[in-house]
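Report on the structure given below.
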Amino acid sequence: MRKFSLSILSILFACSQSPERDSNTIFRYNESAGISSLDPAFSRNQANIWAVNQMYNGLVEMDNELRVQPSIAHSWEILDSGFTYLFHLRNDVLFHAADCFETKEDRRVVAEDFLFSFERLRSAELAAPGNWVFKRVASFEAPNDSTFIIRMNSPFAPFLGILSMKYCSVVSQKAIGYYGNTFRENPIGTGPFYFKMWAENEKLVLRRNKDYFETDVAGDTLPYLEAVAISFIPDKQSAFLEFVKGELDFISGIDASYKDELLTHEGELQPKYTENFKLYKQPYLNTEYLAFLVDSGASISVNNPVLNPLVRQAINYGFDRQRMIRYLRNNIGVPAEKGMIPAGLAAYNQHTDYGYNYNPEKAKALLTQAGYPNGEGLPEIALQTNASYLDLCEFIQSELSKVGIKLKVEVSPPSTLRQSIATSKVPFFRASWIGDYPDEENYLSLFYSENWAPNGPNYTHYKNADFDSLYVLSSYETDVTKRTLLYQQMEGIMMKDAPVVPLYYDQVLRFFPKNIVGLEGNAMNLLDLKKVKKTD
């Protein structure tokens with residue numbers, strides 16, 4: 001495979017030497033999960049999102065602090081108390097050169113392109129996984145080339161954040177018409193890199209877009225790199241070895257196969273790697289948790305102890321999250337002692353008065369209050385998980401046994417477990433929630449009663465009238481500070497009822513050689529290569 005990739009890259013660069021740029025500035029990374037589509041309407045997982053992000057733009061984008069910034073829209077207005085969004089578009093954005101365009105002017109992005117892109121995304125015919133993002137939208141309008149209007153059925157304060165998702169990238173109607181069903185493998189976008197070739201499960205190559213509209217602070221055209229080369233080595237340990245040998249410029253996250261080889265128990269680089277590599281860490285909008293089905297009308301026994309909030313609270317107090325993270329995660333992640341909203345969002349506050357730390361005596365007292373002194377008479381509780389999280393669940397099992405709670409850990413295939421959770425067949429299960437967009441509402445929507453599964457993400461079937469009223473109120477609140485306070489009130493109500501057991505808030509981990517400059521990120525773990533450089 002390496003001979004193939006090197007020959008392809010040598011062909012690409014043989015006729016493209018530039019006196020201004022080093023033709024060897026190729027950024028190489030591996031995607032072990034593979035990529036299923038390069039159409040942004042199908043950018044539902046991280047592998048697809050990372051590739052799509054290099055090739056497409058939307059109206060807005062997120063910076064490293066998760067603040068909404070201009071992209072193709074240079075400015076916008078929110079009118080009519082949040083019912084109308086008016087975007088003013090740049091006039092210098094071009095789609096990548098392709099056979100579907102006859103002239104350069106044909107490539108210019110105008111408001112009609114967003115009208116087409118957004119209507120395409122929510123069309124039943126396309127059946128895109130991202131069609132939900134416009135469920136609150138009444139209409140789209142393009143009164144002229146530089147003005148785009150979105151009218152809402154009801155105000156929704158996090159909507160600008162949703163528009164930063166790659167689902168909302170602009171695509172060309174001409175390109176879609178020209179390539180039809182093969183657009184997934186012939187992507188035409190506006191981004192800093194354009195598509196060059198894709199041998200599925202072998203290599204994906206992107207090239208620098210010389211017509212890209214963004215510049216750096218000095219006025220120099222972005223991107224700096226000449227190309228991005230993505231390999232598809234499925235085995236993560238093999239990919240790690242390629243990284244150590246210098247064949248890859250970047251790995252993300254940590255796998256059990258090389259966790260202790262690369263990191264100390266404190267979560268820092270092992271000394272033998274510090275001379276050549278950097279470790280970049282920051283919060284990741286991913287909360288790992290256990291969840292209870294708290295609906296007594298669901299298909300579980302009315303005598304199941306997880307229906308008792310006192311038992312659920314006792315489980316929350318009954319194990320040491322900090323010890324779990326240190327020994328099972330090499331201190332990668334933040335112990336989730338506050339709630340579901342992860343570190344990295346404004347409503348996360350270590351000093352709130354709700355949440356659960358390790359307090360075995362409190363756990364025992366709650367069991368006594370629930371009618372199970374020292375766990376006597378408490379039925380065994382089954383916890384469903386998949387194999388990837390067995391070590392965490394067995395740690396919790398051992399810890400809870402010390403306070404009188406007998407836990408039975410049952411392992412199911414991931415697909416089976418997801419189906420059982422979606423159909424409310426599992427009383428107690430392990431889950432995770434990666435933010436679709438950077439707003440606390442995305443996490444609190446898991447507990448809004450109108451989102452009960454299977455019609456929404458409320459898999460616990462939690463219902464609280466006070467929570468629901470605050471949830472609706474927060475969707476109308478445009479003042480960020482006031483909305484943050486509402487989110488904290490909602491989380492406090494929910495955590496007292498304890499439909500979930502938050503475990504930890506994940507972290508973004510990025511490893512790269514010291515000659516890579518400008519590779520940062522945000523808490524959405526988005527890979528943005530337009531400002532990355534490779535030095536000598």
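Residue numbering restarts at 1 for every chain of the structure tokens, chains are lettered A, B, ... in their displayed order, and ligands are numbered from 1 as they appear.
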Using only C-alpha atoms, determine which residues lie at most 6 Å from segment 432-446 of chain A, disregarding the query and same-chain residues fewer than 2 positions distant; provide the list as a VMD selection string.
chain A and resid 161 to 162 285 to 289 448 457 to 458
Those of segment 140-315 of chain A in DSSP strand (DSSP E), formatted as a PDB file with N, CA and C atoms, in the first residue's frame:
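The resulting file, states10.pdb, is shown below:
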ATOM      1  N   PHE A 140     -36.671  29.017   3.667  1.00  0.00           N
ATOM      2  CA  PHE A 140     -35.416  29.640   3.246  1.00  0.00           C
ATOM      3  C   PHE A 140     -35.739  30.601   2.100  1.00  0.00           C
ATOM      4  N   GLU A 141     -35.033  31.713   2.041  1.00  0.00           N
ATOM      5  CA  GLU A 141     -35.253  32.676   0.963  1.00  0.00           C
ATOM      6  C   GLU A 141     -33.910  33.219   0.476  1.00  0.00           C
ATOM      7  N   ALA A 142     -33.825  33.482  -0.828  1.00  0.00           N
ATOM      8  CA  ALA A 142     -32.639  34.088  -1.435  1.00  0.00           C
ATOM      9  C   ALA A 142     -33.081  35.263  -2.294  1.00  0.00           C
ATOM     10  N   PRO A 143     -33.367  36.425  -1.679  1.00  0.00           N
ATOM     11  CA  PRO A 143     -33.898  37.561  -2.441  1.00  0.00           C
ATOM     12  C   PRO A 143     -32.914  38.138  -3.454  1.00  0.00           C
ATOM     13  N   ASN A 144     -31.615  37.971  -3.200  1.00  0.00           N
ATOM     14  CA  ASN A 144     -30.595  38.381  -4.168  1.00  0.00           C
ATOM     15  C   ASN A 144     -29.337  37.548  -3.926  1.00  0.00           C
ATOM     16  N   THR A 147     -27.786  37.891  -0.238  1.00  0.00           N
ATOM     17  CA  THR A 147     -28.655  37.875   0.941  1.00  0.00           C
ATOM     18  C   THR A 147     -29.361  36.530   1.055  1.00  0.00           C
ATOM     19  N   PHE A 148     -29.253  35.935   2.235  1.00  0.00           N
ATOM     20  CA  PHE A 148     -29.925  34.659   2.479  1.00  0.00           C
ATOM     21  C   PHE A 148     -30.698  34.774   3.780  1.00  0.00           C
ATOM     22  N   ILE A 149     -31.958  34.328   3.765  1.00  0.00           N
ATOM     23  CA  ILE A 149     -32.848  34.490   4.916  1.00  0.00           C
ATOM     24  C   ILE A 149     -33.368  33.119   5.367  1.00  0.00           C
ATOM     25  N   ILE A 150     -33.333  32.910   6.666  1.00  0.00           N
ATOM     26  CA  ILE A 150     -33.936  31.712   7.259  1.00  0.00           C
ATOM     27  C   ILE A 150     -35.029  32.166   8.215  1.00  0.00           C
ATOM     28  N   ARG A 151     -36.222  31.644   8.013  1.00  0.00           N
ATOM     29  CA  ARG A 151     -37.345  31.965   8.902  1.00  0.00           C
ATOM     30  C   ARG A 151     -37.688  30.729   9.727  1.00  0.00           C
ATOM     31  N   MET A 152     -37.870  30.935  11.022  1.00  0.00           N
ATOM     32  CA  MET A 152     -38.076  29.842  11.962  1.00  0.00           C
ATOM     33  C   MET A 152     -39.554  29.668  12.305  1.00  0.00           C
ATOM     34  N   PHE A 193      -9.026  22.854   0.706  1.00  0.00           N
ATOM     35  CA  PHE A 193      -8.455  21.769  -0.093  1.00  0.00           C
ATOM     36  C   PHE A 193      -9.532  21.220  -1.032  1.00  0.00           C
ATOM     37  N   TYR A 194      -9.101  20.810  -2.221  1.00  0.00           N
ATOM     38  CA  TYR A 194     -10.047  20.214  -3.156  1.00  0.00           C
ATOM     39  C   TYR A 194      -9.728  18.728  -3.337  1.00  0.00           C
ATOM     40  N   PHE A 195     -10.715  17.995  -3.762  1.00  0.00           N
ATOM     41  CA  PHE A 195     -10.601  16.551  -3.938  1.00  0.00           C
ATOM     42  C   PHE A 195      -9.713  16.216  -5.139  1.00  0.00           C
ATOM     43  N   LYS A 196      -8.753  15.273  -4.923  1.00  0.00           N
ATOM     44  CA  LYS A 196      -7.892  14.824  -6.018  1.00  0.00           C
ATOM     45  C   LYS A 196      -8.139  13.367  -6.378  1.00  0.00           C
ATOM     46  N   MET A 197      -8.089  12.470  -5.392  1.00  0.00           N
ATOM     47  CA  MET A 197      -8.352  11.059  -5.680  1.00  0.00           C
ATOM     48  C   MET A 197      -8.728  10.318  -4.404  1.00  0.00           C
ATOM     49  N   TRP A 198      -9.501   9.248  -4.596  1.00  0.00           N
ATOM     50  CA  TRP A 198      -9.940   8.408  -3.466  1.00  0.00           C
ATOM     51  C   TRP A 198      -9.985   6.966  -3.930  1.00  0.00           C
ATOM     52  N   ALA A 199      -9.075   6.163  -3.432  1.00  0.00           N
ATOM     53  CA  ALA A 199      -9.127   4.717  -3.589  1.00  0.00           C
ATOM     54  C   ALA A 199      -9.671   4.192  -2.271  1.00  0.00           C
ATOM     55  N   LYS A 203      -6.446   5.054   0.105  1.00  0.00           N
ATOM     56  CA  LYS A 203      -5.873   6.387   0.205  1.00  0.00           C
ATOM     57  C   LYS A 203      -6.862   7.436  -0.302  1.00  0.00           C
ATOM     58  N   LEU A 204      -6.894   8.566   0.404  1.00  0.00           N
ATOM     59  CA  LEU A 204      -7.643   9.746  -0.025  1.00  0.00           C
ATOM     60  C   LEU A 204      -6.657  10.906  -0.086  1.00  0.00           C
ATOM     61  N   VAL A 205      -6.620  11.615  -1.205  1.00  0.00           N
ATOM     62  CA  VAL A 205      -5.700  12.726  -1.381  1.00  0.00           C
ATOM     63  C   VAL A 205      -6.480  13.995  -1.701  1.00  0.00           C
ATOM     64  N   LEU A 206      -6.168  15.060  -0.983  1.00  0.00           N
ATOM     65  CA  LEU A 206      -6.732  16.379  -1.209  1.00  0.00           C
ATOM     66  C   LEU A 206      -5.591  17.333  -1.542  1.00  0.00           C
ATOM     67  N   ARG A 207      -5.863  18.317  -2.414  1.00  0.00           N
ATOM     68  CA  ARG A 207      -4.847  19.278  -2.814  1.00  0.00           C
ATOM     69  C   ARG A 207      -5.223  20.689  -2.394  1.00  0.00           C
ATOM     70  N   ARG A 208      -4.221  21.529  -2.302  1.00  0.00           N
ATOM     71  CA  ARG A 208      -4.423  22.919  -1.911  1.00  0.00           C
ATOM     72  C   ARG A 208      -5.280  23.661  -2.932  1.00  0.00           C
ATOM     73  N   ALA A 227      -0.943  19.573   0.391  1.00  0.00           N
ATOM     74  CA  ALA A 227      -1.838  18.423   0.240  1.00  0.00           C
ATOM     75  C   ALA A 227      -2.114  17.778   1.588  1.00  0.00           C
ATOM     76  N   VAL A 228      -3.196  17.012   1.615  1.00  0.00           N
ATOM     77  CA  VAL A 228      -3.557  16.164   2.750  1.00  0.00           C
ATOM     78  C   VAL A 228      -3.703  14.749   2.218  1.00  0.00           C
ATOM     79  N   ALA A 229      -3.014  13.811   2.843  1.00  0.00           N
ATOM     80  CA  ALA A 229      -3.081  12.402   2.434  1.00  0.00           C
ATOM     81  C   ALA A 229      -3.613  11.577   3.600  1.00  0.00           C
ATOM     82  N   ILE A 230      -4.725  10.903   3.385  1.00  0.00           N
ATOM     83  CA  ILE A 230      -5.385  10.125   4.441  1.00  0.00           C
ATOM     84  C   ILE A 230      -5.281   8.644   4.097  1.00  0.00           C
ATOM     85  N   SER A 231      -4.715   7.872   5.006  1.00  0.00           N
ATOM     86  CA  SER A 231      -4.636   6.422   4.838  1.00  0.00           C
ATOM     87  C   SER A 231      -5.730   5.757   5.657  1.00  0.00           C
ATOM     88  N   ILE A 251      -1.837  11.558  15.224  1.00  0.00           N
ATOM     89  CA  ILE A 251      -2.822  10.581  15.691  1.00  0.00           C
ATOM     90  C   ILE A 251      -3.693  11.266  16.741  1.00  0.00           C
ATOM     91  N   SER A 252      -4.935  10.832  16.808  1.00  0.00           N
ATOM     92  CA  SER A 252      -5.902  11.439  17.716  1.00  0.00           C
ATOM     93  C   SER A 252      -6.443  10.389  18.668  1.00  0.00           C
ATOM     94  N   PHE A 277       7.969  14.477  19.920  1.00  0.00           N
ATOM     95  CA  PHE A 277       6.526  14.628  19.728  1.00  0.00           C
ATOM     96  C   PHE A 277       5.923  15.614  20.722  1.00  0.00           C
ATOM     97  N   LYS A 278       4.762  16.142  20.337  1.00  0.00           N
ATOM     98  CA  LYS A 278       3.977  17.009  21.198  1.00  0.00           C
ATOM     99  C   LYS A 278       2.661  16.323  21.551  1.00  0.00           C
ATOM    100  N   LEU A 279       2.143  16.648  22.713  1.00  0.00           N
ATOM    101  CA  LEU A 279       0.810  16.206  23.122  1.00  0.00           C
ATOM    102  C   LEU A 279      -0.035  17.444  23.347  1.00  0.00           C
ATOM    103  N   TYR A 280      -1.179  17.494  22.630  1.00  0.00           N
ATOM    104  CA  TYR A 280      -2.130  18.604  22.765  1.00  0.00           C
ATOM    105  C   TYR A 280      -3.399  18.052  23.406  1.00  0.00           C
ATOM    106  N   LYS A 281      -3.833  18.689  24.504  1.00  0.00           N
ATOM    107  CA  LYS A 281      -5.031  18.239  25.216  1.00  0.00           C
ATOM    108  C   LYS A 281      -5.986  19.406  25.415  1.00  0.00           C
ATOM    109  N   GLN A 282      -7.278  19.099  25.333  1.00  0.00           N
ATOM    110  CA  GLN A 282      -8.295  20.078  25.681  1.00  0.00           C
ATOM    111  C   GLN A 282      -9.614  19.347  25.913  1.00  0.00           C
ATOM    112  N   PRO A 283     -10.595  20.011  26.522  1.00  0.00           N
ATOM    113  CA  PRO A 283     -11.885  19.352  26.749  1.00  0.00           C
ATOM    114  C   PRO A 283     -12.526  18.898  25.439  1.00  0.00           C
ATOM    115  N   TYR A 284     -13.270  17.810  25.537  1.00  0.00           N
ATOM    116  CA  TYR A 284     -13.988  17.248  24.390  1.00  0.00           C
ATOM    117  C   TYR A 284     -15.454  17.153  24.784  1.00  0.00           C
ATOM    118  N   LEU A 285     -16.335  17.624  23.941  1.00  0.00           N
ATOM    119  CA  LEU A 285     -17.766  17.609  24.277  1.00  0.00           C
ATOM    120  C   LEU A 285     -18.330  16.203  24.128  1.00  0.00           C
ATOM    121  N   ASN A 286     -17.886  15.349  25.015  1.00  0.00           N
ATOM    122  CA  ASN A 286     -18.345  13.959  25.068  1.00  0.00           C
ATOM    123  C   ASN A 286     -18.480  13.559  26.529  1.00  0.00           C
ATOM    124  N   THR A 287     -19.689  13.234  26.936  1.00  0.00           N
ATOM    125  CA  THR A 287     -19.944  12.762  28.300  1.00  0.00           C
ATOM    126  C   THR A 287     -20.228  11.271  28.269  1.00  0.00           C
ATOM    127  N   GLU A 288     -19.435  10.512  29.009  1.00  0.00           N
ATOM    128  CA  GLU A 288     -19.665   9.078  29.173  1.00  0.00           C
ATOM    129  C   GLU A 288     -20.476   8.880  30.451  1.00  0.00           C
ATOM    130  N   TYR A 289     -21.493   8.023  30.389  1.00  0.00           N
ATOM    131  CA  TYR A 289     -22.395   7.915  31.533  1.00  0.00           C
ATOM    132  C   TYR A 289     -23.111   6.566  31.552  1.00  0.00           C
ATOM    133  N   LEU A 290     -23.739   6.282  32.671  1.00  0.00           N
ATOM    134  CA  LEU A 290     -24.690   5.180  32.803  1.00  0.00           C
ATOM    135  C   LEU A 290     -26.081   5.802  32.875  1.00  0.00           C
ATOM    136  N   ALA A 291     -27.071   5.090  32.380  1.00  0.00           N
ATOM    137  CA  ALA A 291     -28.424   5.653  32.345  1.00  0.00           C
ATOM    138  C   ALA A 291     -29.439   4.624  32.815  1.00  0.00           C
ATOM    139  N   PHE A 292     -30.467   5.121  33.484  1.00  0.00           N
ATOM    140  CA  PHE A 292     -31.580   4.293  33.964  1.00  0.00           C
ATOM    141  C   PHE A 292     -32.821   4.567  33.126  1.00  0.00           C
TER     142      PHE A 292
END
I'd like the neighbourhood of Glu77 of chain A as JSON, numbers by chain, where a residue qualifies if any of its atoms comes within 7 Å (using only C-alpha atoms), though same-chain residues fewer than 3 positions away should be ignored.
{"A": [85, 86, 87]}
Selected residue of minimal separation from Leu262 of chain A among A:Gln397, A:Leu509, A:Ser424, A:Arg107, counting only C-alpha atoms
A:Leu509
Skipping near chain neighbours, those fewer than 4 positions away, what residues fall within 7 Å of Ala73 of chain A using only C-alpha atoms, listed as a ChimeraX atom specification?
/A:59-60,87-90
Residues near segment 40-48 of chain A, cut-off 10 Å, only C-alpha atoms, skip fewer than 5 positions along chain, as a PyMOL selection string:
chain A and resi 30-35+53+55-57+117-118+120-122+126-131+165-171+184+187+189+436+524-527
Proximity to Asp295 of chain A - best of A:Phe512, A:Phe428, A:Phe95, A:Phe114, only C-alpha atoms
A:Phe428
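Neighbours of Phe240 of chain A closer than or equal to 9 Å, with only C-alpha atoms counted and sequence neighbours fewer than 5 positions away skipped, come out as A:Asp235, A:Lys245, A:Leu248, A:Ile251, A:Tyr258.
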Could you write out that same residue set with N, CA and C atoms as a PDB file, in the first residue's frame?
ATOM      1  N   ASP A 235      -6.041  -1.273  11.821  1.00  0.00           N
ATOM      2  CA  ASP A 235      -5.507  -1.635  13.128  1.00  0.00           C
ATOM      3  C   ASP A 235      -4.826  -0.418  13.763  1.00  0.00           C
ATOM      4  N   LYS A 245       7.327   5.857  13.368  1.00  0.00           N
ATOM      5  CA  LYS A 245       8.347   5.784  12.313  1.00  0.00           C
ATOM      6  C   LYS A 245       8.394   7.050  11.454  1.00  0.00           C
ATOM      7  N   LEU A 248       3.299   9.015   9.553  1.00  0.00           N
ATOM      8  CA  LEU A 248       2.079   9.794   9.788  1.00  0.00           C
ATOM      9  C   LEU A 248       2.441  11.031  10.597  1.00  0.00           C
ATOM     10  N   ILE A 251      -1.837  11.558  15.224  1.00  0.00           N
ATOM     11  CA  ILE A 251      -2.822  10.581  15.691  1.00  0.00           C
ATOM     12  C   ILE A 251      -3.693  11.266  16.741  1.00  0.00           C
ATOM     13  N   TYR A 258      -1.851   0.830  22.873  1.00  0.00           N
ATOM     14  CA  TYR A 258      -0.598   1.572  23.076  1.00  0.00           C
ATOM     15  C   TYR A 258      -0.724   2.649  24.158  1.00  0.00           C
TER      16      TYR A 258
END
Skipping near chain neighbours, those fewer than 2 positions away, what residues fall within 7 Å of Lys408 of chain A using only C-alpha atoms, listed as JSON, numbers by chain?
{"A": [380, 381, 382, 383, 406, 410]}
Please identify which residues in segment 154-270 of chain A DSSP calls helix (DSSP H, G or I) from the backbone, and express them as a ChimeraX atom specification.
/A:159-163,166-168,173-185,236-244,259-262
Output for the residues just chosen: N, CA and C atoms as an mmCIF file, in the first residue's frame:
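This is the output file part.cif:
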data_model
loop_
_atom_site.group_PDB
_atom_site.id
_atom_site.type_symbol
_atom_site.label_atom_id
_atom_site.label_comp_id
_atom_site.auth_asym_id
_atom_site.auth_seq_id
_atom_site.Cartn_x
_atom_site.Cartn_y
_atom_site.Cartn_z
ATOM 1 N N PHE A 159 -29.356 27.985 17.408
ATOM 2 C CA PHE A 159 -29.444 27.689 15.981
ATOM 3 C C PHE A 159 -28.175 28.053 15.208
ATOM 4 N N LEU A 160 -27.514 29.148 15.557
ATOM 5 C CA LEU A 160 -26.284 29.508 14.858
ATOM 6 C C LEU A 160 -25.220 28.423 15.011
ATOM 7 N N GLY A 161 -25.167 27.809 16.196
ATOM 8 C CA GLY A 161 -24.222 26.711 16.402
ATOM 9 C C GLY A 161 -24.538 25.526 15.513
ATOM 10 N N ILE A 162 -25.822 25.249 15.330
ATOM 11 C CA ILE A 162 -26.228 24.162 14.432
ATOM 12 C C ILE A 162 -25.760 24.451 13.007
ATOM 13 N N LEU A 163 -25.837 25.714 12.590
ATOM 14 C CA LEU A 163 -25.427 26.065 11.227
ATOM 15 C C LEU A 163 -23.932 25.885 10.995
ATOM 16 N N LYS A 166 -21.158 20.475 9.699
ATOM 17 C CA LYS A 166 -20.785 20.216 8.306
ATOM 18 C C LYS A 166 -21.981 19.813 7.457
ATOM 19 N N TYR A 167 -23.048 19.339 8.058
ATOM 20 C CA TYR A 167 -24.281 19.091 7.316
ATOM 21 C C TYR A 167 -24.705 20.341 6.531
ATOM 22 N N CYS A 168 -24.436 21.517 7.114
ATOM 23 C CA CYS A 168 -24.931 22.775 6.560
ATOM 24 C C CYS A 168 -23.951 23.418 5.587
ATOM 25 N N GLN A 173 -25.486 23.167 -7.123
ATOM 26 C CA GLN A 173 -26.568 22.469 -7.827
ATOM 27 C C GLN A 173 -26.049 21.881 -9.143
ATOM 28 N N LYS A 174 -25.165 22.596 -9.806
ATOM 29 C CA LYS A 174 -24.607 22.079 -11.056
ATOM 30 C C LYS A 174 -23.792 20.822 -10.817
ATOM 31 N N ALA A 175 -23.017 20.809 -9.737
ATOM 32 C CA ALA A 175 -22.207 19.629 -9.430
ATOM 33 C C ALA A 175 -23.085 18.438 -9.074
ATOM 34 N N ILE A 176 -24.119 18.676 -8.289
ATOM 35 C CA ILE A 176 -25.036 17.595 -7.920
ATOM 36 C C ILE A 176 -25.724 17.054 -9.174
ATOM 37 N N GLY A 177 -26.145 17.949 -10.057
ATOM 38 C CA GLY A 177 -26.787 17.504 -11.291
ATOM 39 C C GLY A 177 -25.839 16.747 -12.199
ATOM 40 N N TYR A 178 -24.597 17.156 -12.225
ATOM 41 C CA TYR A 178 -23.599 16.545 -13.104
ATOM 42 C C TYR A 178 -23.183 15.164 -12.597
ATOM 43 N N TYR A 179 -22.909 15.059 -11.288
ATOM 44 C CA TYR A 179 -22.387 13.806 -10.743
ATOM 45 C C TYR A 179 -23.478 12.879 -10.211
ATOM 46 N N GLY A 180 -24.640 13.412 -9.903
ATOM 47 C CA GLY A 180 -25.741 12.580 -9.437
ATOM 48 C C GLY A 180 -25.380 11.766 -8.214
ATOM 49 N N ASN A 181 -25.664 10.474 -8.272
ATOM 50 C CA ASN A 181 -25.425 9.585 -7.128
ATOM 51 C C ASN A 181 -23.949 9.366 -6.834
ATOM 52 N N THR A 182 -23.072 9.788 -7.745
ATOM 53 C CA THR A 182 -21.636 9.605 -7.506
ATOM 54 C C THR A 182 -21.003 10.836 -6.857
ATOM 55 N N PHE A 183 -21.825 11.815 -6.424
ATOM 56 C CA PHE A 183 -21.271 13.004 -5.780
ATOM 57 C C PHE A 183 -20.501 12.638 -4.514
ATOM 58 N N ARG A 184 -20.884 11.587 -3.825
ATOM 59 C CA ARG A 184 -20.195 11.157 -2.607
ATOM 60 C C ARG A 184 -18.720 10.898 -2.857
ATOM 61 N N GLU A 185 -18.377 10.520 -4.100
ATOM 62 C CA GLU A 185 -16.991 10.206 -4.446
ATOM 63 C C GLU A 185 -16.401 11.210 -5.436
ATOM 64 N N LYS A 236 -5.317 0.024 14.902
ATOM 65 C CA LYS A 236 -4.814 1.247 15.512
ATOM 66 C C LYS A 236 -3.385 1.105 16.009
ATOM 67 N N GLN A 237 -3.006 -0.087 16.442
ATOM 68 C CA GLN A 237 -1.625 -0.282 16.882
ATOM 69 C C GLN A 237 -0.668 -0.171 15.696
ATOM 70 N N SER A 238 -1.064 -0.701 14.544
ATOM 71 C CA SER A 238 -0.233 -0.580 13.341
ATOM 72 C C SER A 238 -0.102 0.885 12.934
ATOM 73 N N ALA A 239 -1.201 1.629 13.017
ATOM 74 C CA ALA A 239 -1.152 3.049 12.695
ATOM 75 C C ALA A 239 -0.226 3.796 13.658
ATOM 76 N N PHE A 240 -0.253 3.425 14.929
ATOM 77 C CA PHE A 240 0.641 4.039 15.913
ATOM 78 C C PHE A 240 2.105 3.793 15.554
ATOM 79 N N LEU A 241 2.421 2.588 15.130
ATOM 80 C CA LEU A 241 3.798 2.274 14.731
ATOM 81 C C LEU A 241 4.216 3.102 13.514
ATOM 82 N N GLU A 242 3.287 3.314 12.579
ATOM 83 C CA GLU A 242 3.578 4.169 11.426
ATOM 84 C C GLU A 242 3.851 5.604 11.881
ATOM 85 N N PHE A 243 3.115 6.061 12.882
ATOM 86 C CA PHE A 243 3.312 7.403 13.427
ATOM 87 C C PHE A 243 4.702 7.528 14.058
ATOM 88 N N VAL A 244 5.081 6.549 14.849
ATOM 89 C CA VAL A 244 6.389 6.582 15.515
ATOM 90 C C VAL A 244 7.520 6.563 14.484
ATOM 91 N N LYS A 259 -1.783 2.599 24.941
ATOM 92 C CA LYS A 259 -2.030 3.611 25.976
ATOM 93 C C LYS A 259 -0.848 3.756 26.930
ATOM 94 N N ASP A 260 -0.409 2.658 27.515
ATOM 95 C CA ASP A 260 0.655 2.735 28.512
ATOM 96 C C ASP A 260 2.023 2.933 27.874
ATOM 97 N N GLU A 261 2.170 2.562 26.607
ATOM 98 C CA GLU A 261 3.418 2.803 25.895
ATOM 99 C C GLU A 261 3.623 4.302 25.666
ATOM 100 N N LEU A 262 2.550 5.025 25.417
ATOM 101 C CA LEU A 262 2.648 6.437 25.036
ATOM 102 C C LEU A 262 2.463 7.380 26.212
#
In Å, rounded to a single decimal, give me how far atom CA of Glu399 of chain A is from atom CA of Gly344 of chain A.
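Going from atom CA of Gly344 of chain A over to atom CA of Glu399 of chain A, I get 28.7 Å.
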Proximity of segment 448-516 of chain A to segment 349-368 of chain A: per-residue shortest pair, 8 Å limit, only C-alpha atoms, as JSON lines:
{"residue": "A:Gly492", "atom": "CA", "partner": "A:Tyr354", "partner_atom": "CA", "distance": 5.6}
{"residue": "A:Met495", "atom": "CA", "partner": "A:Gly355", "partner_atom": "CA", "distance": 6.3}
{"residue": "A:Lys496", "atom": "CA", "partner": "A:Tyr354", "partner_atom": "CA", "distance": 7.3}
Any chance you could export the current selection's C-alpha atoms as a PDB file, in the first residue's frame?
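What follows is the written file again37.pdb:
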ATOM      1  CA  GLY A 492     -29.692  20.732  38.993  1.00  0.00           C
ATOM      2  CA  MET A 495     -29.365  15.490  38.745  1.00  0.00           C
ATOM      3  CA  LYS A 496     -31.431  15.458  41.935  1.00  0.00           C
TER       4      LYS A 496
END
Atomic distance atom CA of Asp255 of chain A - atom CA of Ala347 of chain A, expressed in Å with one decimal
29.9 Å
What does the structure give for the distance between atom CA of Gln489 of chain A and atom CA of Asn304 of chain A, in Å to one decimal?
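Atom CA of Asn304 of chain A lies at a distance of 28.9 Å from atom CA of Gln489 of chain A.
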